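Data block for run16.txt (compact mmCIF, C-alpha atoms and all ligand atoms):
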```txt
# COMPACT_ATOMS: atom_id res chain seq x y z
CA MET Z 1 0.00 0.00 0.00
CA THR Z 2 1.27 3.50 -0.78
CA GLY Z 3 0.04 7.04 -0.13
CA GLY Z 4 -0.71 6.36 3.54
CA ILE Z 5 -3.77 4.17 2.82
CA ARG Z 6 -4.14 1.55 5.49
CA LEU Z 7 -6.13 -1.61 5.44
CA THR Z 8 -7.64 -0.95 8.82
CA MET Z 9 -11.14 0.41 9.27
CA ALA Z 10 -10.43 1.56 12.80
CA ASP Z 11 -10.73 5.29 13.49
CA ASN Z 12 -7.42 5.69 15.24
CA GLN Z 13 -4.38 6.46 13.14
CA ALA Z 14 -2.10 3.82 14.65
CA LYS Z 15 -0.78 1.14 12.37
CA PRO Z 16 -2.52 -2.16 13.06
CA LYS Z 17 -0.22 -4.51 14.92
CA ARG Z 18 -2.01 -7.80 14.41
CA LEU Z 19 -4.15 -9.40 11.74
CA HIS Z 20 -6.81 -9.56 14.46
CA ASP Z 21 -6.98 -5.74 14.50
CA LEU Z 22 -7.65 -5.66 10.79
CA ILE Z 23 -10.26 -8.35 10.70
CA LYS Z 24 -12.14 -7.17 13.76
CA ALA Z 25 -11.81 -3.50 12.93
CA PRO Z 26 -15.31 -2.39 13.99
CA GLU Z 27 -14.82 -3.24 17.63
CA ASN Z 28 -11.58 -1.29 17.70
CA THR Z 29 -13.14 1.91 16.47
CA GLU Z 30 -13.24 4.85 18.80
CA TRP Z 31 -17.04 4.78 19.07
CA ALA Z 32 -17.00 1.12 20.01
CA GLN Z 33 -14.30 1.60 22.63
CA LYS Z 34 -16.07 4.65 24.08
CA LYS Z 35 -19.37 2.80 24.28
CA LYS Z 36 -17.70 -0.18 25.91
CA HIS Z 37 -16.23 1.93 28.68
CA SER Z 38 -19.37 3.94 29.26
CA TRP Z 39 -20.98 0.95 31.03
CA SER Z 40 -20.83 0.78 34.78
CA GLY Z 41 -18.83 -2.20 36.02
CA GLU Z 42 -21.06 -2.43 39.08
CA ARG Z 43 -24.35 -3.07 37.30
CA PRO Z 44 -25.22 -6.18 35.30
CA ALA Z 45 -25.76 -5.73 31.57
CA THR Z 46 -29.38 -6.77 32.11
CA VAL Z 47 -31.60 -8.71 34.53
CA TYR Z 48 -35.07 -10.00 33.65
CA TYR Z 49 -37.33 -12.99 34.13
CA THR Z 50 -39.20 -15.28 31.76
CA PRO Z 51 -41.50 -18.32 32.10
CA GLU Z 52 -39.52 -21.57 32.37
CA ILE Z 53 -39.79 -25.26 33.16
CA LEU Z 54 -37.81 -26.89 35.95
CA SER Z 55 -35.89 -30.11 35.28
CA ASP Z 56 -38.78 -32.14 36.75
CA GLY Z 57 -41.25 -30.52 34.35
CA THR Z 58 -42.81 -28.05 36.81
CA LEU Z 59 -43.73 -24.65 35.42
CA THR Z 60 -41.79 -21.79 37.03
CA SER Z 61 -40.08 -18.56 36.05
CA ALA Z 62 -36.37 -17.97 35.61
CA VAL Z 63 -34.36 -14.85 36.38
CA THR Z 64 -31.67 -14.26 33.74
CA VAL Z 65 -28.69 -12.27 34.98
CA ILE Z 66 -26.40 -11.12 32.18
CA LEU Z 67 -23.25 -9.91 33.87
CA ARG Z 68 -20.95 -7.20 32.60
CA THR Z 69 -17.65 -9.08 32.24
CA LYS Z 70 -14.35 -9.00 30.36
CA GLY Z 71 -16.00 -11.22 27.77
CA CYS Z 72 -14.89 -14.44 26.17
CA HIS Z 73 -11.24 -15.48 25.99
CA TRP Z 74 -11.84 -17.00 22.55
CA TRP Z 75 -13.03 -13.62 21.36
CA TRP Z 76 -9.87 -11.97 22.70
CA SER Z 77 -7.78 -13.94 20.22
CA SER Z 78 -10.29 -14.69 17.44
CA GLY Z 79 -14.03 -15.16 18.04
CA CYS Z 80 -17.09 -16.75 16.47
CA THR Z 81 -18.38 -15.20 13.25
CA PHE Z 82 -21.80 -14.24 14.64
CA CYS Z 83 -20.95 -13.28 18.22
CA GLY Z 84 -21.54 -9.67 19.20
CA TYR Z 85 -21.20 -10.20 22.95
CA PHE Z 86 -18.05 -8.06 22.95
CA ASN Z 87 -20.40 -5.08 22.55
CA ASP Z 88 -21.54 -5.60 26.16
CA THR Z 89 -18.20 -6.12 27.86
CA ARG Z 90 -15.57 -3.93 29.45
CA ASP Z 91 -11.93 -4.88 29.89
CA ASP Z 92 -11.39 -3.86 33.50
CA VAL Z 93 -14.19 -5.62 35.39
CA THR Z 94 -12.95 -6.87 38.79
CA SER Z 95 -14.18 -9.47 41.25
CA GLU Z 96 -15.60 -6.64 43.41
CA ASP Z 97 -17.55 -5.33 40.42
CA LEU Z 98 -18.97 -8.77 39.72
CA HIS Z 99 -19.97 -9.21 43.35
CA ALA Z 100 -21.68 -5.80 43.23
CA GLN Z 101 -23.57 -6.84 40.05
CA TRP Z 102 -24.65 -10.10 41.68
CA ALA Z 103 -25.80 -8.28 44.83
CA PHE Z 104 -27.80 -5.90 42.63
CA ALA Z 105 -29.57 -8.81 40.90
CA ARG Z 106 -30.28 -10.60 44.19
CA GLU Z 107 -31.69 -7.47 45.74
CA LYS Z 108 -33.78 -6.54 42.72
CA PHE Z 109 -35.48 -9.96 42.75
CA ASP Z 110 -35.63 -10.43 46.52
CA ASP Z 111 -33.11 -13.29 46.50
CA PHE Z 112 -35.09 -14.81 43.60
CA ALA Z 113 -37.86 -15.67 46.06
CA ASP Z 114 -40.61 -15.94 43.40
CA HIS Z 115 -38.49 -17.80 40.86
CA GLY Z 116 -37.38 -21.42 40.69
CA MET Z 117 -34.47 -20.95 38.33
CA VAL Z 118 -31.55 -18.54 37.86
CA LYS Z 119 -29.55 -18.25 34.63
CA VAL Z 120 -26.18 -16.56 35.03
CA TYR Z 121 -24.64 -15.56 31.71
CA THR Z 122 -21.25 -13.92 31.33
CA SER Z 123 -20.81 -13.32 27.57
CA GLY Z 124 -18.33 -16.17 27.81
CA SER Z 125 -17.80 -19.08 30.23
CA LEU Z 126 -18.56 -18.74 33.95
CA LEU Z 127 -16.07 -21.49 34.82
CA GLU Z 128 -13.18 -19.93 32.87
CA ASP Z 129 -10.63 -18.54 35.35
CA ARG Z 130 -9.14 -16.09 32.85
CA GLU Z 131 -12.54 -14.47 32.38
CA ILE Z 132 -14.18 -14.79 35.80
CA PRO Z 133 -12.28 -14.65 39.11
CA LEU Z 134 -12.49 -17.94 40.98
CA ASP Z 135 -14.05 -16.42 44.09
CA PHE Z 136 -16.92 -15.08 42.02
CA GLN Z 137 -17.51 -18.44 40.32
CA GLU Z 138 -17.76 -19.88 43.80
CA THR Z 139 -20.20 -17.19 44.95
CA VAL Z 140 -22.64 -17.95 42.13
CA LEU Z 141 -22.43 -21.71 42.58
CA ARG Z 142 -22.79 -21.52 46.37
CA ASP Z 143 -25.54 -18.89 46.52
CA CYS Z 144 -27.79 -20.69 44.04
CA HIS Z 145 -27.33 -23.97 45.88
CA GLN Z 146 -28.03 -22.39 49.27
CA LEU Z 147 -31.07 -20.53 47.93
CA GLY Z 148 -32.37 -23.79 46.42
CA LYS Z 149 -32.55 -22.42 42.87
CA GLU Z 150 -31.85 -24.41 39.72
CA LEU Z 151 -28.81 -22.78 38.14
CA VAL Z 152 -27.99 -22.55 34.43
CA ILE Z 153 -24.57 -21.35 33.29
CA GLU Z 154 -22.88 -21.16 29.88
CA SER Z 155 -19.53 -22.62 28.96
CA ARG Z 156 -17.26 -23.57 26.11
CA THR Z 157 -16.07 -27.17 26.07
CA GLU Z 158 -12.52 -26.59 27.40
CA GLN Z 159 -13.77 -25.60 30.84
CA CYS Z 160 -15.72 -28.83 31.34
CA SER Z 161 -12.70 -30.83 32.47
CA GLU Z 162 -13.01 -33.54 35.11
CA GLU Z 163 -11.02 -31.46 37.64
CA LYS Z 164 -13.00 -28.26 37.12
CA LEU Z 165 -16.34 -30.05 37.36
CA ALA Z 166 -15.23 -31.92 40.49
CA TRP Z 167 -14.43 -28.55 42.06
CA ALA Z 168 -17.73 -26.97 40.92
CA THR Z 169 -19.91 -29.89 42.04
CA SER Z 170 -18.25 -29.85 45.47
CA ILE Z 171 -19.93 -26.43 45.86
CA ASN Z 172 -23.15 -26.99 43.89
CA PRO Z 173 -23.93 -30.65 43.13
CA ARG Z 174 -26.55 -30.09 40.42
CA PHE Z 175 -26.73 -27.37 37.83
CA THR Z 176 -27.11 -27.09 34.06
CA VAL Z 177 -24.26 -26.29 31.71
CA ALA Z 178 -25.26 -24.79 28.37
CA ILE Z 179 -22.67 -25.23 25.62
CA GLY Z 180 -22.76 -23.34 22.32
CA LEU Z 181 -21.96 -26.31 20.11
CA GLU Z 182 -23.66 -24.52 17.17
CA ALA Z 183 -23.14 -27.40 14.72
CA LEU Z 184 -22.48 -31.11 14.95
CA ASP Z 185 -20.11 -30.85 12.03
CA GLU Z 186 -16.36 -30.21 12.16
CA GLU Z 187 -16.29 -28.31 8.86
CA VAL Z 188 -19.14 -26.02 9.79
CA LEU Z 189 -17.56 -25.35 13.18
CA ARG Z 190 -14.29 -24.46 11.53
CA PHE Z 191 -15.22 -22.63 8.36
CA HIS Z 192 -18.67 -21.16 9.02
CA ILE Z 193 -18.56 -20.47 12.75
CA ASN Z 194 -14.85 -20.23 13.61
CA LYS Z 195 -15.74 -21.89 16.91
CA GLY Z 196 -12.23 -22.71 18.03
CA PHE Z 197 -13.20 -26.12 19.42
CA THR Z 198 -14.13 -29.41 17.78
CA VAL Z 199 -17.11 -31.74 17.88
CA LYS Z 200 -14.77 -34.23 19.49
CA SER Z 201 -14.15 -31.84 22.37
CA TRP Z 202 -17.91 -31.46 22.80
CA TYR Z 203 -18.31 -35.25 23.17
CA ARG Z 204 -15.56 -35.17 25.79
CA ALA Z 205 -17.25 -32.34 27.67
CA VAL Z 206 -20.61 -34.18 27.57
CA GLU Z 207 -19.02 -37.30 29.02
CA ASN Z 208 -17.47 -35.30 31.86
CA LEU Z 209 -20.74 -33.50 32.55
CA GLN Z 210 -22.65 -36.78 32.61
CA ASN Z 211 -20.10 -38.31 34.98
CA ALA Z 212 -20.41 -35.27 37.23
CA GLY Z 213 -24.21 -35.67 37.30
CA LEU Z 214 -24.84 -32.30 35.66
CA ARG Z 215 -27.55 -31.38 33.19
CA ILE Z 216 -26.62 -30.55 29.60
CA LYS Z 217 -28.13 -27.92 27.38
CA THR Z 218 -26.94 -27.70 23.78
CA TYR Z 219 -27.22 -24.60 21.60
CA LEU Z 220 -27.33 -25.12 17.84
CA MET Z 221 -27.09 -22.25 15.37
CA PHE Z 222 -29.69 -22.11 12.62
CA LYS Z 223 -28.34 -20.73 9.33
CA PRO Z 224 -24.69 -19.94 10.02
CA PRO Z 225 -22.81 -17.67 7.62
CA PHE Z 226 -21.97 -19.01 4.14
CA MET Z 227 -24.82 -21.51 4.19
CA SER Z 228 -28.13 -21.33 2.33
CA GLU Z 229 -31.42 -21.61 4.17
CA GLY Z 230 -32.33 -24.86 2.41
CA ASP Z 231 -28.99 -26.46 3.35
CA SER Z 232 -29.32 -25.21 6.89
CA LEU Z 233 -32.68 -26.88 7.28
CA VAL Z 234 -31.31 -30.24 6.17
CA HIS Z 235 -28.19 -30.00 8.35
CA THR Z 236 -29.86 -28.74 11.51
CA VAL Z 237 -32.39 -31.58 11.57
CA ARG Z 238 -29.45 -33.99 11.36
CA TRP Z 239 -27.63 -32.18 14.17
CA ILE Z 240 -30.71 -32.28 16.40
CA GLU Z 241 -30.95 -36.02 15.80
CA GLY Z 242 -27.26 -36.36 16.69
CA VAL Z 243 -27.37 -34.44 19.98
CA ALA Z 244 -30.85 -35.39 21.26
CA GLU Z 245 -29.83 -38.44 23.32
CA LEU Z 246 -26.95 -36.51 24.89
CA SER Z 247 -28.78 -33.30 25.76
CA ASP Z 248 -31.44 -32.59 28.39
CA GLU Z 249 -32.38 -29.55 26.34
CA ILE Z 250 -31.62 -28.40 22.81
CA SER Z 251 -31.95 -24.72 22.16
CA ILE Z 252 -31.91 -23.63 18.53
CA ASN Z 253 -30.60 -20.11 18.00
CA PRO Z 254 -31.80 -18.74 14.68
CA MET Z 255 -29.22 -16.25 13.48
CA ASN Z 256 -29.77 -12.64 14.46
CA ILE Z 257 -27.42 -9.95 13.24
CA GLN Z 258 -25.33 -8.35 15.97
CA ARG Z 259 -23.28 -5.25 15.33
CA GLY Z 260 -19.64 -5.45 14.35
CA THR Z 261 -19.59 -9.17 13.52
CA VAL Z 262 -18.66 -11.07 10.36
CA ILE Z 263 -22.31 -11.91 9.76
CA ASP Z 264 -23.13 -8.19 10.11
CA ARG Z 265 -20.80 -7.45 7.21
CA LEU Z 266 -22.39 -10.12 5.05
CA PHE Z 267 -25.82 -8.82 5.99
CA ARG Z 268 -24.98 -5.22 5.18
CA ALA Z 269 -23.48 -6.29 1.86
CA GLY Z 270 -26.81 -7.92 0.95
CA ASP Z 271 -25.29 -11.40 1.03
CA TYR Z 272 -27.26 -12.78 3.97
CA ARG Z 273 -30.89 -12.85 5.00
CA PRO Z 274 -31.73 -13.97 8.56
CA PRO Z 275 -33.88 -17.12 8.59
CA TRP Z 276 -37.54 -17.20 7.70
CA LEU Z 277 -39.85 -18.00 10.60
CA TRP Z 278 -41.39 -20.61 8.29
CA SER Z 279 -38.03 -22.40 8.27
CA LEU Z 280 -38.17 -22.65 12.06
CA VAL Z 281 -41.66 -24.15 11.92
CA GLU Z 282 -40.48 -26.63 9.28
CA LEU Z 283 -37.39 -27.41 11.34
CA ILE Z 284 -39.48 -28.20 14.41
CA GLU Z 285 -41.87 -30.39 12.39
CA ARG Z 286 -39.01 -32.37 10.86
CA ALA Z 287 -37.05 -32.69 14.13
CA HIS Z 288 -40.00 -33.48 16.41
CA PRO Z 289 -39.75 -37.28 15.84
CA TYR Z 290 -36.20 -37.23 17.24
CA ILE Z 291 -37.46 -35.54 20.41
CA HIS Z 292 -40.74 -37.46 20.71
CA PRO Z 293 -40.41 -40.73 18.75
CA LYS Z 294 -44.03 -41.64 19.46
CA GLY Z 295 -45.37 -38.24 18.46
CA GLY Z 296 -45.97 -37.04 22.04
CA LYS Z 297 -45.51 -33.63 23.59
CA ASN Z 298 -43.46 -32.30 26.51
CA GLY Z 299 -44.05 -34.29 29.68
CA ASP Z 300 -45.10 -37.45 27.79
CA GLY Z 301 -43.27 -40.74 28.33
CA ASP Z 302 -41.62 -40.72 24.88
CA GLN Z 303 -39.70 -37.48 25.50
CA ILE Z 304 -35.97 -37.80 24.81
CA SER Z 305 -34.97 -34.16 25.17
CA ARG Z 306 -36.62 -30.75 25.07
CA LEU Z 307 -36.49 -28.64 21.93
CA LEU Z 308 -36.57 -24.87 22.37
CA ILE Z 309 -36.52 -21.96 19.96
CA HIS Z 310 -36.76 -18.38 21.17
CA PRO Z 311 -36.10 -16.36 18.02
CA THR Z 312 -34.27 -13.17 19.06
CA ALA Z 313 -35.63 -10.05 17.35
CA ALA Z 314 -38.35 -12.09 15.62
CA GLY Z 315 -40.17 -10.11 12.95
CA ARG Z 316 -37.34 -7.58 12.63
CA VAL Z 317 -35.07 -7.31 9.64
CA ARG Z 318 -32.02 -8.36 11.74
CA GLY Z 319 -33.87 -11.30 13.27
CA SER Z 320 -35.88 -14.23 11.88
CA HIS Z 321 -38.75 -12.84 9.87
CA ASN Z 322 -41.42 -13.56 7.28
CA CYS Z 323 -43.33 -11.02 5.21
CA GLY Z 324 -44.22 -8.64 8.03
CA GLU Z 325 -47.92 -9.58 8.06
CA CYS Z 326 -47.74 -13.00 9.68
CA ASP Z 327 -44.56 -12.67 11.78
CA ARG Z 328 -46.19 -12.09 15.12
CA GLU Z 329 -48.53 -15.04 14.84
CA VAL Z 330 -45.86 -17.47 13.61
CA ALA Z 331 -43.29 -16.36 16.22
CA ALA Z 332 -45.90 -16.79 18.97
CA ALA Z 333 -46.62 -20.37 17.82
CA ILE Z 334 -42.88 -21.17 17.91
CA GLU Z 335 -42.65 -19.77 21.46
CA ARG Z 336 -45.66 -21.83 22.52
CA TYR Z 337 -44.11 -25.00 21.09
CA SER Z 338 -40.99 -24.36 23.19
CA VAL Z 339 -43.14 -24.77 26.29
CA SER Z 340 -45.66 -27.42 25.19
CA GLY Z 341 -43.65 -29.44 22.66
CA ASP Z 342 -46.96 -29.88 20.85
CA LEU Z 343 -47.05 -29.76 17.03
CA LEU Z 344 -50.69 -28.67 17.17
CA GLU Z 345 -49.41 -25.17 17.98
CA PHE Z 346 -48.80 -24.81 14.23
CA ALA Z 347 -52.20 -26.03 13.08
CA GLY Z 348 -53.89 -23.62 10.68
CA LEU Z 349 -50.92 -21.25 10.33
CA ASP Z 350 -50.62 -19.87 6.82
CA CYS Z 351 -49.87 -16.75 4.80
CA SER Z 352 -49.29 -15.87 1.15
CA CYS Z 353 -45.54 -15.57 1.86
CA ARG Z 354 -45.31 -19.26 2.65
CA LYS Z 355 -45.25 -20.12 -1.08
CA ILE Z 356 -42.32 -17.73 -1.65
CA TRP Z 357 -40.42 -19.34 1.22
CA GLU Z 358 -41.21 -22.84 -0.07
CA ASN Z 359 -39.81 -22.00 -3.51
CA GLU Z 360 -36.71 -20.46 -1.99
CA ILE Z 361 -35.96 -23.53 0.10
CA ALA Z 362 -36.55 -25.86 -2.84
CA LEU Z 363 -34.28 -23.81 -5.13
CA ASP Z 364 -31.55 -23.61 -2.49
CA LEU Z 365 -31.18 -27.36 -2.76
CA VAL Z 366 -31.00 -27.60 -6.53
CA VAL Z 367 -29.35 -24.38 -7.71
CA PRO Z 368 -25.58 -24.36 -7.15
CA SER Z 369 -25.56 -21.10 -5.20
CA PRO Z 370 -23.74 -21.68 -1.92
CA LEU Z 371 -25.05 -18.51 -0.30
CA GLY Z 372 -28.61 -19.35 -1.31
CA VAL Z 373 -31.08 -17.81 -3.74
CA GLY Z 374 -32.86 -15.62 -1.16
CA GLN Z 375 -34.69 -12.71 -2.73
CA ARG Z 376 -33.11 -10.10 -0.51
CA ARG Z 377 -29.71 -10.54 -2.09
CA ARG Z 378 -28.77 -7.55 -4.21
CA GLY Z 379 -27.14 -7.61 -7.64
CA PRO Z 380 -27.66 -9.80 -10.68
CA MET Z 381 -28.67 -13.41 -10.09
CA LEU Z 382 -25.97 -14.60 -12.50
CA GLU Z 383 -23.35 -13.18 -10.15
CA HIS Z 384 -24.90 -15.03 -7.21
CA LEU Z 385 -24.64 -18.28 -9.08
CA ARG Z 386 -20.97 -17.63 -9.66
CA SER Z 387 -20.33 -16.55 -6.08
CA PRO Z 388 -17.88 -18.75 -4.19
S1 LIG T 401 -17.38 -18.95 22.33
FE1 LIG T 401 -19.38 -18.00 22.76
S2 LIG T 401 -18.91 -16.05 23.74
FE2 LIG T 401 -17.00 -16.82 22.82
S3 LIG T 401 -16.90 -15.80 20.80
FE3 LIG T 401 -17.92 -17.79 20.51
S4 LIG T 401 -20.14 -17.41 20.75
FE4 LIG T 401 -19.03 -15.63 21.56
ZN ZN T 402 -46.46 -13.81 5.67
```
Give the structure from this file in C-alpha cells form.
Amino acid sequence: MTGGIRLTMADNQAKPKRLHDLIKAPENTEWAQKKKHSWSGERPATVYYTPEILSDGTLTSAVTVILRTKGCHWWWSSGCTFCGYFNDTRDDVTSEDLHAQWAFAREKFDDFADHGMVKVYTSGSLLEDREIPLDFQETVLRDCHQLGKELVIESRTEQCSEEKLAWATSINPRFTVAIGLEALDEEVLRFHINKGFTVKSWYRAVENLQNAGLRIKTYLMFKPPFMSEGDSLVHTVRWIEGVAELSDEISINPMNIQRGTVIDRLFRAGDYRPPWLWSLVELIERAHPYIHPKGGKNGDGDQISRLLIHPTAAGRVRGSHNCGECDREVAAAIERYSVSGDLLEFAGLDCSCRKIWENEIALDLVVPSPLGVGQRRRGPMLEHLRSP
C-alpha cells in the first residue's frame, strides 16, 4: 500500500499490529471503545425474568442475569463469526464489580424468592478462570445452591474438564451447563462459525458433565454464515438427531445480526438474509420425531430431550422474519411450542408468503448457489450463481 492508505477500518491512526486488529476493525473503532467503557462495572448488563420449566417438568419462572464481564477469551484472540457479545463487555471488570452486580440482581429480585431458576450468563464461560475470578464463580455456585434455585450457566467445552467439574460440584452438586456447540459438524464449526473447538471436544465435555451428574443444554445455530437456508434446514435436523440423546435440552438459535460481527458485514453487503420464521416451523416439524419418537408432547413418556426456539428479534429485519404480516402469529406459535412441545401449535398457520419461502428452500437445494437464492440478495442473479 502506498500514499498512507491503510487496510484498517479503525478510526485511530495507529498502524494495526495484528491481523486480528484488521479483521475485527469495527470493535476497535473509537465509538465502540467509548461505548464499551461507558458501562458501569457495578451493574449487570441486564436482569429480567421469563417463564420456564424446571428439570422435573414443573412450570416456574427464571431470572436471567447477564453480567458485565471482560467477555470471552476465545473472542480476545479470534471469536465466532456471529458473536456480538463483545459489545456488552468492558476490559477492566474486577471481582468486586462482579460481586456488586450479583448483589444488585439478588436485591432486585428479593433473592429470587418468586423464581425457581436462575440463569447466570457472562458473555463467555462462567467457569473460565481467565474471564471470571475464581471467588466469584464460587459465589454464584454456592448462593444458588443455598437458595435452592436451579442454576444454568454457559460454557465452552474446554472448561468442562473432570477437575473443574469436580471442584464446581463440590460447591453446587446439580446445575445445568449450556454449551454453544452450534453445529455437529467439524467443517461447519471451523469454516462457518470459527468456533475454536471441535465436535470431538464437545463429546468429551458431555461425558465429563454426565459423569459429574450435571444437566446438559446444547445450543445449535440455525443458518450460520456461508450456508443457504435450504442447506441449513437439512443440516440442523441432522444435528438435532445427533445431539438429542446426549442433551437434556436443545436450544436452537436462529441467526440474528449483531453489530460489528462477520455476519453483520455479510448482511450489510446484501449477502445474507436472517432465517424465515417458516423455516423454524419446518425445522421443528421435521425434528419433532427425534425428540418425541411416538409423536408425544413435553411431559409425555416418549420425550428424549426438550427442543426450544426463542427467536431473538423475531419479525425484525435483523432477526428471523417472514413477510411482516404473519410474523407475530408465527413467532408466537414457535414460542408456545418451546413450552408445550406440541405440534398442534402450528395447526392452521398460513400466509401468502409461505409459497415464496417454499420455492426459496426448494431452489436452495438444486441451484448451485452456496449462499442461497434468497430474494433479498442484491445484484444480478448470474453473479450469485458464480459466487464462491
Ligand atoms: S465462544 Fe461463545 S462467547 Fe465466545 S466468541 Fe464464541 S459465541 Fe461468543
Ligand atoms: Zn407472511
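For Glu249 (chain Z), the non-local neighbours within 6 Å, defined as residues at least 6 positions apart in the same chain or in other chains and counting only C-alpha atoms, are Lys217, Ser305 and Arg306 of chain Z.
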Next item on the list: Enter the distance from CA of Ile66 (chain Z) to CA of Ala45 (chain Z), in Å, rounded to one decimal.
Entry: 5.5 Å
Margin query: For ligand ZN 402 (chain T), return the neighbouring residues as a ChimeraX atom specification (distance at most 9 Å; all atoms listed in the file).
Written below: /Z:278,321-327,330,350-354
Next item on the list: Compare Z:Ser279, Z:Ser232, Z:Gln101, Z:Ser338 by their minimum atom-to-atom distance to Arg43 (chain Z), counting all atoms listed in the file, and give me the closest one.
Entry: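 Checking each candidate against Arg43 (chain Z), we get Z:Gln101 as the closest.
Neighbouring residues of ligand LIG 401 (chain T) at a cut-off of 7 Å, counting only C-alpha atoms and all ligand atoms, are Gly71, Cys72, His73, Trp74, Trp75, Gly79, Cys80, Cys83, Gly84, Tyr85, Ser123, Gly124, Arg156, Gly180 and Lys195 of chain Z.
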Keeping only C-alpha atoms, write the selected residues as a PDB file, keeping the file's coordinate frame.
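Heads up, here's the output in result-v8.pdb:
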```pdb
ATOM      1  CA  GLY Z  71     -16.000 -11.220  27.770  1.00  0.00           C
ATOM      2  CA  CYS Z  72     -14.890 -14.440  26.170  1.00  0.00           C
ATOM      3  CA  HIS Z  73     -11.240 -15.480  25.990  1.00  0.00           C
ATOM      4  CA  TRP Z  74     -11.840 -17.000  22.550  1.00  0.00           C
ATOM      5  CA  TRP Z  75     -13.030 -13.620  21.360  1.00  0.00           C
ATOM      6  CA  GLY Z  79     -14.030 -15.160  18.040  1.00  0.00           C
ATOM      7  CA  CYS Z  80     -17.090 -16.750  16.470  1.00  0.00           C
ATOM      8  CA  CYS Z  83     -20.950 -13.280  18.220  1.00  0.00           C
ATOM      9  CA  GLY Z  84     -21.540  -9.670  19.200  1.00  0.00           C
ATOM     10  CA  TYR Z  85     -21.200 -10.200  22.950  1.00  0.00           C
ATOM     11  CA  SER Z 123     -20.810 -13.320  27.570  1.00  0.00           C
ATOM     12  CA  GLY Z 124     -18.330 -16.170  27.810  1.00  0.00           C
ATOM     13  CA  ARG Z 156     -17.260 -23.570  26.110  1.00  0.00           C
ATOM     14  CA  GLY Z 180     -22.760 -23.340  22.320  1.00  0.00           C
ATOM     15  CA  LYS Z 195     -15.740 -21.890  16.910  1.00  0.00           C
TER      16      LYS Z 195
END
```
Completed region 330-341 of chain Z (N, CA and C atoms) as an mmCIF file, in the frame of the given file:
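Result file follows (out-v5.cif):
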```cif
data_model
loop_
_atom_site.group_PDB
_atom_site.id
_atom_site.type_symbol
_atom_site.label_atom_id
_atom_site.label_comp_id
_atom_site.auth_asym_id
_atom_site.auth_seq_id
_atom_site.Cartn_x
_atom_site.Cartn_y
_atom_site.Cartn_z
ATOM 1 N N VAL Z 330 -46.730 -16.301 13.782
ATOM 2 C CA VAL Z 330 -45.860 -17.470 13.610
ATOM 3 C C VAL Z 330 -44.834 -17.532 14.757
ATOM 4 N N ALA Z 331 -44.271 -16.384 15.126
ATOM 5 C CA ALA Z 331 -43.290 -16.360 16.220
ATOM 6 C C ALA Z 331 -43.948 -16.812 17.529
ATOM 7 N N ALA Z 332 -45.201 -16.405 17.740
ATOM 8 C CA ALA Z 332 -45.900 -16.790 18.970
ATOM 9 C C ALA Z 332 -46.110 -18.313 19.018
ATOM 10 N N ALA Z 333 -46.419 -18.916 17.863
ATOM 11 C CA ALA Z 333 -46.620 -20.370 17.820
ATOM 12 C C ALA Z 333 -45.304 -21.093 18.144
ATOM 13 N N ILE Z 334 -44.199 -20.558 17.642
ATOM 14 C CA ILE Z 334 -42.880 -21.170 17.910
ATOM 15 C C ILE Z 334 -42.573 -21.086 19.415
ATOM 16 N N GLU Z 335 -42.873 -19.939 20.006
ATOM 17 C CA GLU Z 335 -42.650 -19.770 21.460
ATOM 18 C C GLU Z 335 -43.522 -20.759 22.248
ATOM 19 N N ARG Z 336 -44.755 -20.920 21.801
ATOM 20 C CA ARG Z 336 -45.660 -21.830 22.520
ATOM 21 C C ARG Z 336 -45.149 -23.268 22.424
ATOM 22 N N TYR Z 337 -44.644 -23.631 21.243
ATOM 23 C CA TYR Z 337 -44.110 -25.000 21.090
ATOM 24 C C TYR Z 337 -42.952 -25.225 22.065
ATOM 25 N N SER Z 338 -42.150 -24.199 22.304
ATOM 26 C CA SER Z 338 -40.990 -24.360 23.190
ATOM 27 C C SER Z 338 -41.418 -24.756 24.601
ATOM 28 N N VAL Z 339 -42.628 -24.387 24.981
ATOM 29 C CA VAL Z 339 -43.140 -24.770 26.290
ATOM 30 C C VAL Z 339 -43.870 -26.113 26.206
ATOM 31 N N SER Z 340 -44.780 -26.231 25.225
ATOM 32 C CA SER Z 340 -45.660 -27.420 25.190
ATOM 33 C C SER Z 340 -45.047 -28.609 24.468
ATOM 34 N N GLY Z 341 -44.172 -28.348 23.472
ATOM 35 C CA GLY Z 341 -43.650 -29.440 22.660
ATOM 36 C C GLY Z 341 -44.736 -30.087 21.823
#
```
